[in-house]
>>> print(open('coords_4.txt').read())   # compact mmCIF, C-alpha atoms and all ligand atoms
# COMPACT_ATOMS: atom_id res chain seq x y z
CA MET A 144 138.31 79.17 62.88
CA GLU A 145 135.16 77.14 62.16
CA GLU A 146 136.37 74.47 64.63
CA GLN A 147 136.44 76.98 67.49
CA LYS A 148 132.77 77.90 67.28
CA ARG A 149 130.75 76.53 70.17
CA THR A 150 127.86 74.25 69.30
CA ILE A 151 124.14 74.76 69.89
CA LEU A 152 121.21 72.52 69.08
CA SER A 153 117.45 72.77 69.23
CA GLY A 154 114.25 71.42 67.73
CA ILE A 155 110.52 71.92 67.31
CA GLN A 156 107.81 69.30 66.86
CA PRO A 157 106.04 69.19 63.49
CA SER A 158 102.69 68.70 65.18
CA ASN A 159 101.09 71.65 63.35
CA SER A 160 102.22 74.91 61.75
CA LEU A 161 104.63 76.90 63.92
CA HIS A 162 103.07 79.82 65.80
CA LEU A 163 104.11 83.25 67.04
CA GLY A 164 105.37 81.73 70.33
CA ASN A 165 107.65 79.33 68.47
CA TYR A 166 108.91 82.22 66.37
CA LEU A 167 109.55 84.70 69.21
CA GLY A 168 110.60 82.16 71.82
CA ALA A 169 112.71 79.98 69.55
CA VAL A 170 113.36 80.46 65.83
CA ARG A 171 114.03 84.21 65.94
CA ASN A 172 116.68 83.69 68.61
CA TRP A 173 118.18 80.75 66.73
CA ARG A 174 118.53 82.93 63.66
CA GLU A 175 120.57 85.46 65.62
CA MET A 176 122.83 82.72 66.98
CA GLN A 177 123.92 81.42 63.58
CA GLN A 178 126.86 83.78 63.23
CA GLU A 179 128.40 82.95 66.55
CA TYR A 180 127.69 79.23 66.89
CA ARG A 181 127.82 75.98 64.98
CA CYS A 182 124.09 75.23 64.87
CA PHE A 183 122.03 72.07 64.57
CA TYR A 184 118.29 72.74 64.12
CA MET A 185 115.91 69.86 63.59
CA MET A 186 112.23 69.11 63.26
CA VAL A 187 111.62 66.50 65.95
CA ASP A 188 109.19 64.28 64.05
CA LEU A 189 109.78 61.25 66.30
CA HIS A 190 108.59 63.37 69.21
CA ALA A 191 105.43 64.34 67.35
CA ILE A 192 104.10 60.77 67.40
CA THR A 193 103.92 60.72 71.20
CA VAL A 194 100.35 61.70 70.38
CA THR A 195 98.59 60.04 67.44
CA GLN A 196 99.23 61.78 64.12
CA ASP A 197 97.54 61.42 60.78
CA PRO A 198 100.41 60.28 58.44
CA GLU A 199 99.69 62.74 55.63
CA THR A 200 99.32 65.64 58.06
CA LEU A 201 102.59 64.71 59.75
CA ARG A 202 104.41 64.63 56.41
CA GLU A 203 102.97 68.03 55.44
CA SER A 204 103.74 69.57 58.84
CA SER A 205 107.32 68.33 58.62
CA TYR A 206 107.83 70.03 55.25
CA LEU A 207 106.03 73.08 56.61
CA GLY A 208 108.34 73.13 59.62
CA ILE A 209 111.52 73.00 57.56
CA ALA A 210 110.13 75.61 55.16
CA SER A 211 109.31 77.85 58.17
CA TYR A 212 112.84 77.48 59.51
CA ILE A 213 114.33 78.60 56.20
CA ALA A 214 111.72 81.33 55.63
CA ALA A 215 112.36 82.73 59.11
CA GLY A 216 116.05 83.05 58.33
CA LEU A 217 117.74 79.79 59.31
CA ASP A 218 120.36 79.40 56.63
CA PRO A 219 120.92 75.85 55.35
CA GLU A 220 124.36 76.93 54.12
CA ASN A 221 125.35 77.89 57.63
CA SER A 222 123.32 75.66 59.95
CA VAL A 223 122.56 71.95 59.85
CA LEU A 224 118.78 71.67 59.22
CA PHE A 225 117.40 68.15 59.41
CA LEU A 226 114.64 65.76 60.42
CA GLN A 227 115.14 63.73 63.58
CA SER A 228 113.86 60.50 61.96
CA HIS A 229 116.57 60.74 59.27
CA VAL A 230 119.29 60.09 61.86
CA SER A 231 118.63 56.72 63.48
CA ALA A 232 121.14 57.33 66.30
CA HIS A 233 118.43 59.39 68.08
CA ALA A 234 116.15 56.40 68.61
CA GLU A 235 119.11 54.16 69.46
CA LEU A 236 120.55 56.42 72.16
CA ALA A 237 117.05 56.99 73.54
CA TRP A 238 116.88 53.23 74.25
CA ILE A 239 120.11 53.42 76.23
CA PHE A 240 118.57 56.28 78.22
CA ASN A 241 115.39 54.28 78.79
CA CYS A 242 117.66 51.82 80.57
CA THR A 243 119.48 54.58 82.47
CA SER A 244 116.60 56.74 83.70
CA TYR A 245 114.21 56.05 86.56
CA MET A 246 110.42 55.91 86.66
CA GLY A 247 110.44 58.40 89.56
CA GLU A 248 112.33 61.16 87.78
CA LEU A 249 110.26 60.85 84.58
CA SER A 250 107.03 60.94 86.62
CA ARG A 251 108.00 64.38 87.93
CA MET A 252 108.20 65.99 84.46
CA THR A 253 105.65 68.78 84.23
CA GLN A 254 105.08 68.33 80.50
CA PHE A 255 104.29 64.64 81.02
CA LYS A 256 101.81 65.49 83.76
CA ASP A 257 100.11 68.10 81.57
CA LYS A 258 100.02 66.10 78.35
CA SER A 259 99.09 62.75 79.93
CA ALA A 260 96.18 64.40 81.75
CA LYS A 261 94.75 65.23 78.30
CA GLN A 262 95.09 61.64 77.05
CA GLY A 263 92.42 59.95 79.13
CA LYS A 264 93.05 56.31 80.10
CA ASN A 265 95.44 55.21 77.36
CA ILE A 266 98.63 57.15 77.88
CA PRO A 267 101.32 56.25 75.32
CA VAL A 268 104.58 55.06 76.90
CA GLY A 269 106.39 57.40 74.49
CA LEU A 270 104.86 60.39 76.23
CA PHE A 271 106.46 59.17 79.46
CA THR A 272 109.91 58.47 77.95
CA TYR A 273 109.84 61.62 75.77
CA PRO A 274 112.54 63.38 77.86
CA ASN A 275 114.93 60.48 77.16
CA LEU A 276 114.54 60.93 73.41
CA MET A 277 115.09 64.65 73.89
CA ALA A 278 118.24 63.91 75.92
CA ALA A 279 119.47 61.72 73.04
CA ASP A 280 118.72 64.50 70.52
CA ILE A 281 120.86 66.86 72.51
CA LEU A 282 123.76 64.75 73.77
CA LEU A 283 124.56 63.14 70.39
CA TYR A 284 125.80 66.54 69.18
CA GLN A 285 127.84 67.50 72.27
CA PRO A 286 126.38 71.04 72.32
CA HIS A 287 127.50 73.74 74.73
CA TYR A 288 124.04 75.34 74.83
CA VAL A 289 120.46 74.33 74.11
CA PRO A 290 118.26 77.35 73.28
CA VAL A 291 114.74 76.58 74.53
CA GLY A 292 111.76 78.33 76.08
CA ASN A 293 111.28 78.27 79.83
CA ASP A 294 108.94 75.29 79.60
CA GLN A 295 111.77 73.02 78.42
CA LYS A 296 114.24 73.85 81.18
CA GLN A 297 113.25 70.79 83.20
CA HIS A 298 113.96 68.50 80.23
CA VAL A 299 117.39 70.01 79.73
CA GLU A 300 118.06 69.48 83.45
CA HIS A 301 117.08 65.82 83.00
CA THR A 302 119.46 65.65 80.01
CA ARG A 303 122.31 66.94 82.17
CA ASN A 304 121.52 64.36 84.85
CA LEU A 305 121.62 61.50 82.34
CA ALA A 306 124.88 62.76 80.83
CA GLU A 307 126.51 62.92 84.26
CA ARG A 308 125.13 59.52 85.20
CA ILE A 309 126.65 57.86 82.12
CA ASN A 310 129.96 59.75 82.44
CA ASN A 311 130.23 58.67 86.08
CA ARG A 312 129.16 55.10 85.44
CA TYR A 313 131.86 54.51 82.83
CA GLN A 314 134.36 56.98 84.33
CA LYS A 315 134.74 58.70 80.96
CA ASP A 316 133.83 62.10 79.56
CA ILE A 317 131.54 60.68 76.90
CA PHE A 318 129.07 63.54 76.99
CA LYS A 319 129.59 67.27 77.27
CA ILE A 320 127.20 68.68 79.89
CA PRO A 321 125.00 71.23 78.04
CA GLU A 322 123.48 74.39 79.47
CA PRO A 323 119.95 75.59 78.70
CA PHE A 324 119.93 78.97 76.98
CA ILE A 325 116.74 80.87 77.69
CA GLY A 326 116.27 84.01 75.59
CA LYS A 327 115.02 87.02 77.55
CA GLN A 328 112.51 88.36 75.08
CA GLY A 329 109.60 86.29 73.85
CA ALA A 330 110.41 83.49 76.30
CA ARG A 331 106.72 82.87 76.92
CA VAL A 332 104.01 84.06 74.57
CA MET A 333 100.59 83.34 76.03
CA ASP A 334 97.42 82.05 74.38
CA LEU A 335 95.36 85.00 73.12
CA GLN A 336 92.08 83.52 74.33
CA ASN A 337 93.38 82.00 77.52
CA PRO A 338 96.30 84.20 78.59
CA THR A 339 97.30 82.14 81.61
CA SER A 340 98.32 79.23 79.32
CA LYS A 341 101.18 79.39 76.84
CA MET A 342 100.44 79.71 73.15
CA SER A 343 100.72 76.17 71.84
CA LYS A 344 100.52 74.22 68.58
CA SER A 345 98.14 71.71 70.06
CA VAL A 346 95.52 74.18 71.31
CA GLU A 347 91.87 73.26 71.16
CA ASN A 348 90.82 76.77 70.21
CA PRO A 349 92.84 77.94 67.16
CA LYS A 350 91.80 81.56 67.87
CA GLY A 351 94.28 81.59 70.74
CA ALA A 352 97.36 81.06 68.56
CA VAL A 353 98.69 83.03 65.60
CA PHE A 354 100.11 80.51 63.15
CA LEU A 355 102.79 81.25 60.57
CA THR A 356 100.31 80.02 57.95
CA ASP A 357 97.60 82.54 58.97
CA THR A 358 96.59 85.22 56.45
CA ASP A 359 96.98 88.92 57.34
CA LYS A 360 93.24 89.08 57.89
CA GLN A 361 93.24 86.12 60.26
CA ILE A 362 96.14 87.60 62.22
CA MET A 363 94.42 90.98 62.59
CA LYS A 364 91.24 89.28 63.75
CA LYS A 365 92.96 87.00 66.28
CA VAL A 366 95.05 89.76 67.87
CA LYS A 367 92.19 92.25 67.92
CA SER A 368 89.91 89.75 69.66
CA ALA A 369 92.52 88.81 72.28
CA VAL A 370 90.98 88.38 75.75
CA THR A 371 91.98 91.22 78.09
CA ASP A 372 89.83 92.20 81.09
CA SER A 373 86.84 94.34 81.99
CA GLY A 374 88.87 97.57 82.11
CA SER A 375 89.33 99.83 79.10
CA GLU A 376 92.47 101.95 79.43
CA VAL A 377 96.08 100.75 79.51
CA LYS A 378 97.86 101.56 82.79
CA THR A 379 101.32 100.36 83.85
CA TYR A 380 102.81 96.98 82.94
CA ASP A 381 102.75 95.81 86.56
CA GLU A 382 99.06 96.64 86.94
CA ALA A 383 98.11 94.97 83.66
CA SER A 384 96.06 91.76 83.56
CA PRO A 385 97.65 88.63 81.99
CA GLY A 386 95.94 89.23 78.62
CA LEU A 387 97.03 92.84 78.42
CA ARG A 388 100.51 92.00 79.57
CA ASN A 389 100.76 89.38 76.83
CA LEU A 390 99.91 92.00 74.20
CA ILE A 391 102.48 94.38 75.67
CA ASP A 392 105.07 91.57 75.68
CA ILE A 393 104.37 90.64 72.06
CA ASN A 394 104.53 94.29 71.03
CA SER A 395 107.78 94.77 72.92
CA ALA A 396 109.38 91.63 71.43
CA LEU A 397 108.42 92.68 67.90
CA SER A 398 109.43 96.32 68.24
CA ASN A 399 112.60 95.57 70.25
CA ARG A 400 111.57 97.86 73.07
CA SER A 401 111.22 97.23 76.80
CA HIS A 402 107.72 96.44 78.08
CA GLU A 403 107.80 99.67 80.12
CA GLU A 404 108.37 101.68 76.95
CA VAL A 405 105.44 99.98 75.25
CA ALA A 406 103.16 100.39 78.29
CA ASN A 407 104.11 104.09 78.44
CA GLU A 408 103.27 104.60 74.78
CA PHE A 409 99.75 103.23 75.30
CA SER A 410 99.19 104.48 78.85
CA GLY A 411 95.78 106.17 79.18
CA LYS A 412 94.67 104.95 75.73
CA MET A 413 91.91 102.45 75.08
CA TYR A 414 92.91 98.77 74.80
CA GLY A 415 91.93 98.86 71.12
CA HIS A 416 94.95 101.04 70.27
CA LEU A 417 97.36 98.53 71.72
CA LYS A 418 95.56 95.67 69.98
CA VAL A 419 95.62 97.28 66.53
CA ALA A 420 99.25 98.41 66.81
CA THR A 421 100.29 94.95 67.98
CA ALA A 422 98.28 93.19 65.29
CA GLU A 423 99.96 95.37 62.66
CA LEU A 424 103.39 94.53 64.02
CA VAL A 425 102.58 90.81 63.91
CA VAL A 426 101.39 91.08 60.30
CA GLU A 427 104.48 93.08 59.31
CA THR A 428 106.72 90.40 60.78
CA LEU A 429 104.92 87.28 59.66
CA ALA A 430 103.72 88.21 56.15
CA PRO A 431 107.16 88.02 54.47
CA ILE A 432 107.89 84.75 56.29
CA ARG A 433 104.59 83.26 55.12
CA GLU A 434 105.24 84.29 51.51
CA LYS A 435 108.71 82.75 51.50
CA MET A 436 107.39 79.64 53.20
CA ASN A 437 104.71 79.16 50.54
CA GLN A 438 107.30 79.53 47.78
CA LEU A 439 109.49 76.90 49.43
CA LEU A 440 106.58 74.51 49.85
CA ASN A 441 106.08 74.58 46.10
CA ASP A 442 109.60 73.23 45.66
CA LYS A 443 109.70 69.94 47.56
CA ALA A 444 112.75 68.85 45.53
CA TYR A 445 114.70 71.75 47.05
CA LEU A 446 113.44 70.95 50.55
CA ASN A 447 114.37 67.27 50.10
CA LYS A 448 117.86 68.30 49.05
CA ILE A 449 118.28 70.46 52.16
CA LEU A 450 117.04 67.59 54.35
CA LYS A 451 119.42 65.12 52.70
CA THR A 452 122.46 67.34 53.15
CA GLY A 453 121.43 68.15 56.72
CA ALA A 454 120.93 64.51 57.66
CA GLU A 455 124.30 63.56 56.21
CA SER A 456 126.12 66.20 58.25
CA ALA A 457 124.16 65.38 61.40
CA GLN A 458 124.67 61.64 60.99
CA ILE A 459 128.48 61.93 61.05
CA VAL A 460 128.48 63.78 64.38
CA ALA A 461 125.73 61.66 65.95
CA GLN A 462 127.23 58.31 64.96
CA LYS A 463 130.56 59.22 66.50
CA THR A 464 128.95 59.85 69.90
CA LEU A 465 126.73 56.76 69.64
CA ASN A 466 129.77 54.58 68.89
CA GLN A 467 131.47 55.87 72.04
CA VAL A 468 128.41 55.07 74.14
CA TYR A 469 128.02 51.59 72.60
CA ASP A 470 131.68 50.88 73.22
CA ALA A 471 131.52 52.03 76.86
CA THR A 472 128.35 49.96 77.38
CA GLY A 473 130.13 46.80 76.24
CA PHE A 474 128.57 46.21 72.83
CA ILE A 475 130.90 44.53 70.34
CA PRO A 476 131.58 46.88 67.41
CA LYS A 477 130.43 45.68 64.01
CA VAL A 478 133.44 44.60 61.92
CA PRO A 479 133.66 47.02 58.96
P1 LIG B 1 102.99 71.43 71.29
O1 LIG B 1 101.72 72.17 71.55
O2 LIG B 1 102.95 70.55 70.07
O3 LIG B 1 103.60 70.83 72.50
P2 LIG B 1 104.45 73.88 71.35
O4 LIG B 1 103.68 74.91 70.66
O5 LIG B 1 104.47 73.89 72.83
O6 LIG B 1 104.02 72.49 70.79
P3 LIG B 1 107.14 72.99 70.95
O7 LIG B 1 107.40 72.24 69.70
O8 LIG B 1 106.94 72.22 72.21
O9 LIG B 1 105.91 73.98 70.79
O10 LIG B 1 108.28 74.06 71.20
C1 LIG B 1 109.24 74.51 70.27
C2 LIG B 1 110.05 75.66 70.81
O11 LIG B 1 109.22 76.80 70.91
C3 LIG B 1 110.60 75.41 72.22
O12 LIG B 1 111.88 75.99 72.31
C4 LIG B 1 109.62 76.09 73.10
O13 LIG B 1 110.17 76.46 74.33
C5 LIG B 1 109.22 77.28 72.26
N1 LIG B 1 107.86 77.70 72.56
C6 LIG B 1 106.74 76.95 72.44
N2 LIG B 1 105.65 77.65 72.81
C7 LIG B 1 106.10 78.87 73.17
C8 LIG B 1 105.47 80.04 73.63
N3 LIG B 1 104.17 80.10 73.80
N4 LIG B 1 106.23 81.12 73.91
C9 LIG B 1 107.55 81.09 73.74
N5 LIG B 1 108.23 80.02 73.29
C10 LIG B 1 107.52 78.91 73.01
N1 LIG B 2 110.79 68.89 73.79
C1 LIG B 2 110.97 70.06 73.00
C2 LIG B 2 111.32 69.78 71.59
C3 LIG B 2 112.64 69.11 71.51
C4 LIG B 2 113.92 69.73 71.70
C5 LIG B 2 114.85 68.67 71.51
C6 LIG B 2 114.33 71.00 72.02
C7 LIG B 2 112.83 67.80 71.23
N2 LIG B 2 114.19 67.54 71.23
C8 LIG B 2 116.21 68.92 71.64
C9 LIG B 2 115.70 71.23 72.16
C10 LIG B 2 116.62 70.19 71.96
C11 LIG B 2 109.67 70.82 73.03
O1 LIG B 2 108.64 70.25 73.28
N3 LIG B 2 109.73 72.07 72.78
>>> encode(input="coords_4.txt", output="structure tokens")
Amino acid sequence: MEEQKRTILSGIQPSNSLHLGNYLGAVRNWREMQQEYRCFYMMVDLHAITVTQDPETLRESSYLGIASYIAAGLDPENSVLFLQSHVSAHAELAWIFNCTSYMGELSRMTQFKDKSAKQGKNIPVGLFTYPNLMAADILLYQPHYVPVGNDQKQHVEHTRNLAERINNRYQKDIFKIPEPFIGKQGARVMDLQNPTSKMSKSVENPKGAVFLTDTDKQIMKKVKSAVTDSGSEVKTYDEASPGLRNLIDINSALSNRSHEEVANEFSGKMYGHLKVATAELVVETLAPIREKMNQLLNDKAYLNKILKTGAESAQIVAQKTLNQVYDATGFIPKVP
């Protein structure tokens, strides 16, 4: 029975604490998928160093990330939870893809354009080849689907192109061609201070993002001071400004209602009502996760055990795929 489950895989960078966008756009959906799919969920720590990281902060954020996964309901008994750097096949396959991808296609990646623009003159090469490492993350596990937010669709498309390129080159079905899986609700939570940009871990202004580590008081304050517009009363969803629409979207994702239903509930009321109700919903959802997360962070031995078991399970699957690629490429296998 277990063998028949289709496989999914996804990951988040431990570049900071996870935020409400990561929760609604990713982890919450992953949690729901655990029953139906064989799941691989990792913290992509190798990706995090595409921008310079302080070593101690990176270590802490990696533990924090795994603790958030478990606290938000990813079950280590059911899903494979692991750190990317614990499975060396990721970096190895990424090299093969560096030799298979073209400068032109990587130059067109929106995330590279955005992130490199923020780097000034010295743009790390890893930021440019990032999609190849992501393709390796995915293809090693032969997943059917890759649950990601809208912003990652282009990278999954690149992954499919590389898989087809290698399969065609060696005339073998080495890689399964994965599909992106974009959840409907919470696909794009916007920055509370700058609602035309997505909520992001690497924001300059931390008031724009609600982090899973924020206290109830901080959450209330951030949501209540969300930027809206110069109006005062909620009208319809279609007429709403980006900031207002973001609040309606967050409310609707957390209360499992359509955005029309939420807009109707607050129609004709002052913006403050929507803000307070939404802030309360965010607190209600995140407080228990934060408490569990803090408990887990006090037990690093437990977290290390989860990471060890996860890496062992992941390694078996990943190595099998890597061996097939090495063999097709013409590398002599190591004599056991
Ligand atoms: P960074 O700022 O470090 O690039 P990020 O906040 O954009 O990080 P990622 O680690 O890139 O987060 O993304 C992890 C997952 O969360 C991905 O599936 C991504 O699509 C999803 N995600 C990230 N930000 C949002 C958001 N604002 N709304 C919905 N989903 C999001
Ligand atoms: N690039 C993704 C994170 C990521 C990922 C992956 C997602 C790295 N490897 C593999 C899904 C599958 C991001 O920035 N959100």
>>> residues_around(input="coords_4.txt", residues="Leu282 in chain A", least_positions_apart="6", cutoff="12 Å", atoms="all atoms listed in the file", output="JSON, numbers by chain")
{"A": [150, 151, 152, 153, 183, 232, 233, 236, 237, 240, 275, 276, 288, 289, 299, 301, 302, 303, 304, 305, 306, 307, 309, 310, 316, 317, 318, 319, 320, 321, 322, 460, 461, 462, 463, 464, 465, 467, 468]}
>>> residues_near_ligand(input="coords_4.txt", ligand="ligand LIG 2 (chain B)", cutoff="7 Å", atoms="all atoms listed in the file", output="list of chain:residue names")
A:Leu152, A:Ser153, A:Gly154, A:Ile155, A:Gln156, A:Val187, A:His190, A:Leu276, A:Met277, A:Ala278, A:Asp280, A:Ile281, A:Val289, A:Pro290, A:Val291, A:Gln295
>>> write_last_selection(input="coords_4.txt", atoms="C-alpha atoms", output="PDB file, in the coordinates of the input")
ATOM      1  CA  LEU A 152     121.210  72.520  69.080  1.00  0.00           C
ATOM      2  CA  SER A 153     117.450  72.770  69.230  1.00  0.00           C
ATOM      3  CA  GLY A 154     114.250  71.420  67.730  1.00  0.00           C
ATOM      4  CA  ILE A 155     110.520  71.920  67.310  1.00  0.00           C
ATOM      5  CA  GLN A 156     107.810  69.300  66.860  1.00  0.00           C
ATOM      6  CA  VAL A 187     111.620  66.500  65.950  1.00  0.00           C
ATOM      7  CA  HIS A 190     108.590  63.370  69.210  1.00  0.00           C
ATOM      8  CA  LEU A 276     114.540  60.930  73.410  1.00  0.00           C
ATOM      9  CA  MET A 277     115.090  64.650  73.890  1.00  0.00           C
ATOM     10  CA  ALA A 278     118.240  63.910  75.920  1.00  0.00           C
ATOM     11  CA  ASP A 280     118.720  64.500  70.520  1.00  0.00           C
ATOM     12  CA  ILE A 281     120.860  66.860  72.510  1.00  0.00           C
ATOM     13  CA  VAL A 289     120.460  74.330  74.110  1.00  0.00           C
ATOM     14  CA  PRO A 290     118.260  77.350  73.280  1.00  0.00           C
ATOM     15  CA  VAL A 291     114.740  76.580  74.530  1.00  0.00           C
ATOM     16  CA  GLN A 295     111.770  73.020  78.420  1.00  0.00           C
TER      17      GLN A 295
END
>>> residues_around(input="coords_4.txt", residues="Asn337 in chain A", least_positions_apart="4", cutoff="8 Å", atoms="only C-alpha atoms", output="PDB file with C-alpha atoms, keeping the file's coordinate frame")
ATOM      1  CA  MET A 333     100.590  83.340  76.030  1.00  0.00           C
ATOM      2  CA  GLY A 351      94.280  81.590  70.740  1.00  0.00           C
ATOM      3  CA  VAL A 370      90.980  88.380  75.750  1.00  0.00           C
ATOM      4  CA  GLY A 386      95.940  89.230  78.620  1.00  0.00           C
TER       5      GLY A 386
END
>>> axis_aligned_box(input="coords_4.txt", around="ligand LIG 1 (chain B)", padding_each_side="6 Å", output="AutoDock Vina command-line options")
--center_x 106.8 --center_y 75.8 --center_z 72.0 --size_x 22.2 --size_y 22.6 --size_z 16.6
>>> closest_atom_pairs(input="coords_4.txt", of="chain A", to="ligand LIG 1 (chain B)", cutoff="7 Å", atoms="all atoms listed in the file", output="JSON lines")
{"residue": "A:Gly154", "atom": "CA", "partner": "B:LIG1", "partner_atom": "C1", "distance": 6.4}
{"residue": "A:Ile155", "atom": "CA", "partner": "B:LIG1", "partner_atom": "O7", "distance": 3.9}
{"residue": "A:Gln156", "atom": "CA", "partner": "B:LIG1", "partner_atom": "O7", "distance": 4.1}
{"residue": "A:Ser158", "atom": "CA", "partner": "B:LIG1", "partner_atom": "O2", "distance": 5.2}
{"residue": "A:His162", "atom": "CA", "partner": "B:LIG1", "partner_atom": "O4", "distance": 6.9}
{"residue": "A:Gly164", "atom": "CA", "partner": "B:LIG1", "partner_atom": "C8", "distance": 3.7}
{"residue": "A:Asn165", "atom": "CA", "partner": "B:LIG1", "partner_atom": "O11", "distance": 3.8}
{"residue": "A:Leu167", "atom": "CA", "partner": "B:LIG1", "partner_atom": "C9", "distance": 6.1}
{"residue": "A:Gly168", "atom": "CA", "partner": "B:LIG1", "partner_atom": "N5", "distance": 3.5}
{"residue": "A:Ala169", "atom": "CA", "partner": "B:LIG1", "partner_atom": "O11", "distance": 4.9}
{"residue": "A:Pro290", "atom": "CA", "partner": "B:LIG1", "partner_atom": "O12", "distance": 6.6}
{"residue": "A:Val291", "atom": "CA", "partner": "B:LIG1", "partner_atom": "O12", "distance": 3.7}
{"residue": "A:Gly292", "atom": "CA", "partner": "B:LIG1", "partner_atom": "O13", "distance": 3.0}
{"residue": "A:Asn293", "atom": "CA", "partner": "B:LIG1", "partner_atom": "O13", "distance": 5.9}
{"residue": "A:Asp294", "atom": "CA", "partner": "B:LIG1", "partner_atom": "O13", "distance": 5.5}
{"residue": "A:Gln295", "atom": "CA", "partner": "B:LIG1", "partner_atom": "O13", "distance": 5.6}
{"residue": "A:Gly329", "atom": "CA", "partner": "B:LIG1", "partner_atom": "C9", "distance": 5.6}
{"residue": "A:Ala330", "atom": "CA", "partner": "B:LIG1", "partner_atom": "C9", "distance": 4.5}
{"residue": "A:Arg331", "atom": "CA", "partner": "B:LIG1", "partner_atom": "N4", "distance": 3.5}
{"residue": "A:Val332", "atom": "CA", "partner": "B:LIG1", "partner_atom": "N4", "distance": 3.7}
{"residue": "A:Met333", "atom": "CA", "partner": "B:LIG1", "partner_atom": "N3", "distance": 5.3}
{"residue": "A:Lys341", "atom": "CA", "partner": "B:LIG1", "partner_atom": "N3", "distance": 4.3}
{"residue": "A:Met342", "atom": "CA", "partner": "B:LIG1", "partner_atom": "N3", "distance": 3.8}
{"residue": "A:Ser343", "atom": "CA", "partner": "B:LIG1", "partner_atom": "O4", "distance": 3.4}
{"residue": "A:Lys344", "atom": "CA", "partner": "B:LIG1", "partner_atom": "O1", "distance": 3.8}
{"residue": "A:Ser345", "atom": "CA", "partner": "B:LIG1", "partner_atom": "O1", "distance": 3.9}
{"residue": "A:Val346", "atom": "CA", "partner": "B:LIG1", "partner_atom": "O1", "distance": 6.5}
>>> write_last_selection(input="coords_4.txt", atoms="C-alpha atoms", output="PDB file, in the frame of the given file")
ATOM      1  CA  GLY A 154     114.250  71.420  67.730  1.00  0.00           C
ATOM      2  CA  ILE A 155     110.520  71.920  67.310  1.00  0.00           C
ATOM      3  CA  GLN A 156     107.810  69.300  66.860  1.00  0.00           C
ATOM      4  CA  SER A 158     102.690  68.700  65.180  1.00  0.00           C
ATOM      5  CA  HIS A 162     103.070  79.820  65.800  1.00  0.00           C
ATOM      6  CA  GLY A 164     105.370  81.730  70.330  1.00  0.00           C
ATOM      7  CA  ASN A 165     107.650  79.330  68.470  1.00  0.00           C
ATOM      8  CA  LEU A 167     109.550  84.700  69.210  1.00  0.00           C
ATOM      9  CA  GLY A 168     110.600  82.160  71.820  1.00  0.00           C
ATOM     10  CA  ALA A 169     112.710  79.980  69.550  1.00  0.00           C
ATOM     11  CA  PRO A 290     118.260  77.350  73.280  1.00  0.00           C
ATOM     12  CA  VAL A 291     114.740  76.580  74.530  1.00  0.00           C
ATOM     13  CA  GLY A 292     111.760  78.330  76.080  1.00  0.00           C
ATOM     14  CA  ASN A 293     111.280  78.270  79.830  1.00  0.00           C
ATOM     15  CA  ASP A 294     108.940  75.290  79.600  1.00  0.00           C
ATOM     16  CA  GLN A 295     111.770  73.020  78.420  1.00  0.00           C
ATOM     17  CA  GLY A 329     109.600  86.290  73.850  1.00  0.00           C
ATOM     18  CA  ALA A 330     110.410  83.490  76.300  1.00  0.00           C
ATOM     19  CA  ARG A 331     106.720  82.870  76.920  1.00  0.00           C
ATOM     20  CA  VAL A 332     104.010  84.060  74.570  1.00  0.00           C
ATOM     21  CA  MET A 333     100.590  83.340  76.030  1.00  0.00           C
ATOM     22  CA  LYS A 341     101.180  79.390  76.840  1.00  0.00           C
ATOM     23  CA  MET A 342     100.440  79.710  73.150  1.00  0.00           C
ATOM     24  CA  SER A 343     100.720  76.170  71.840  1.00  0.00           C
ATOM     25  CA  LYS A 344     100.520  74.220  68.580  1.00  0.00           C
ATOM     26  CA  SER A 345      98.140  71.710  70.060  1.00  0.00           C
ATOM     27  CA  VAL A 346      95.520  74.180  71.310  1.00  0.00           C
TER      28      VAL A 346
END
>>> atom_distance(input="coords_4.txt", atom1="CA of Arg181 in chain A", atom2="CA of Pro323 in chain A")
15.8 Å
>>> residues_around(input="coords_4.txt", residues="Val425 in chain A", least_positions_apart="5", cutoff="10 Å", atoms="only C-alpha atoms", output="number ranges by chain")
A: 163, 353, 359, 362-363, 366, 393-394, 397-398, 419-420, 430
>>> atom_distance(input="coords_4.txt", atom1="CA of Ala422 in chain A", atom2="CA of Met185 in chain A")
29.3 Å
>>> closest_residue(input="coords_4.txt", among="A:Phe324, A:Tyr380, A:Phe474, A:Tyr206", to="Lys443 in chain A", atoms="only C-alpha atoms")
A:Tyr206
>>> residues_near_point(input="coords_4.txt", point="(101.8, 59.0, 73.9)", cutoff="8 Å", atoms="all atoms listed in the file", output="PyMOL selection string")
chain A and resi 192-195+259+262+266-271
>>> closest_residue(input="coords_4.txt", among="A:Met436, A:Ala210, A:Ile239, A:Val377", to="Gly411 in chain A", atoms="only C-alpha atoms")
A:Val377
>>> closest_residue(input="coords_4.txt", among="A:Pro479, A:Gly473, A:Gly453, A:Gly374", to="Val223 in chain A", atoms="all atoms listed in the file")
A:Gly453
>>> atom_distance(input="coords_4.txt", atom1="CA of Gln285 in chain A", atom2="CA of Gly326 in chain A")
20.4 Å
>>> closest_residue(input="coords_4.txt", among="A:Ser205, A:Leu440, A:Leu424, A:Tyr166", to="Met186 in chain A", atoms="all atoms listed in the file")
A:Ser205
>>> closest_residue(input="coords_4.txt", among="A:Trp238, A:Lys296, A:Arg308, A:Leu450", to="Thr253 in chain A", atoms="all atoms listed in the file")
A:Lys296
>>> closest_residue(input="coords_4.txt", among="A:Glu404, A:Glu248, A:Tyr273, A:Tyr469", to="Glu235 in chain A", atoms="all atoms listed in the file")
A:Tyr469
>>> decode(input="coords_4.txt", residues="range 350-354 of chain A", atoms="C-alpha atoms", output="short mmCIF file (atom, residue, chain, number, x, y, z; two decimals), in the first residue's frame")
data_model
loop_
_atom_site.label_atom_id
_atom_site.label_comp_id
_atom_site.auth_asym_id
_atom_site.auth_seq_id
_atom_site.Cartn_x
_atom_site.Cartn_y
_atom_site.Cartn_z
CA LYS A 350 7.16 45.08 10.50
CA GLY A 351 6.02 43.81 7.11
CA ALA A 352 6.26 40.11 8.01
CA VAL A 353 4.66 38.12 10.82
CA PHE A 354 7.23 35.57 11.97
#
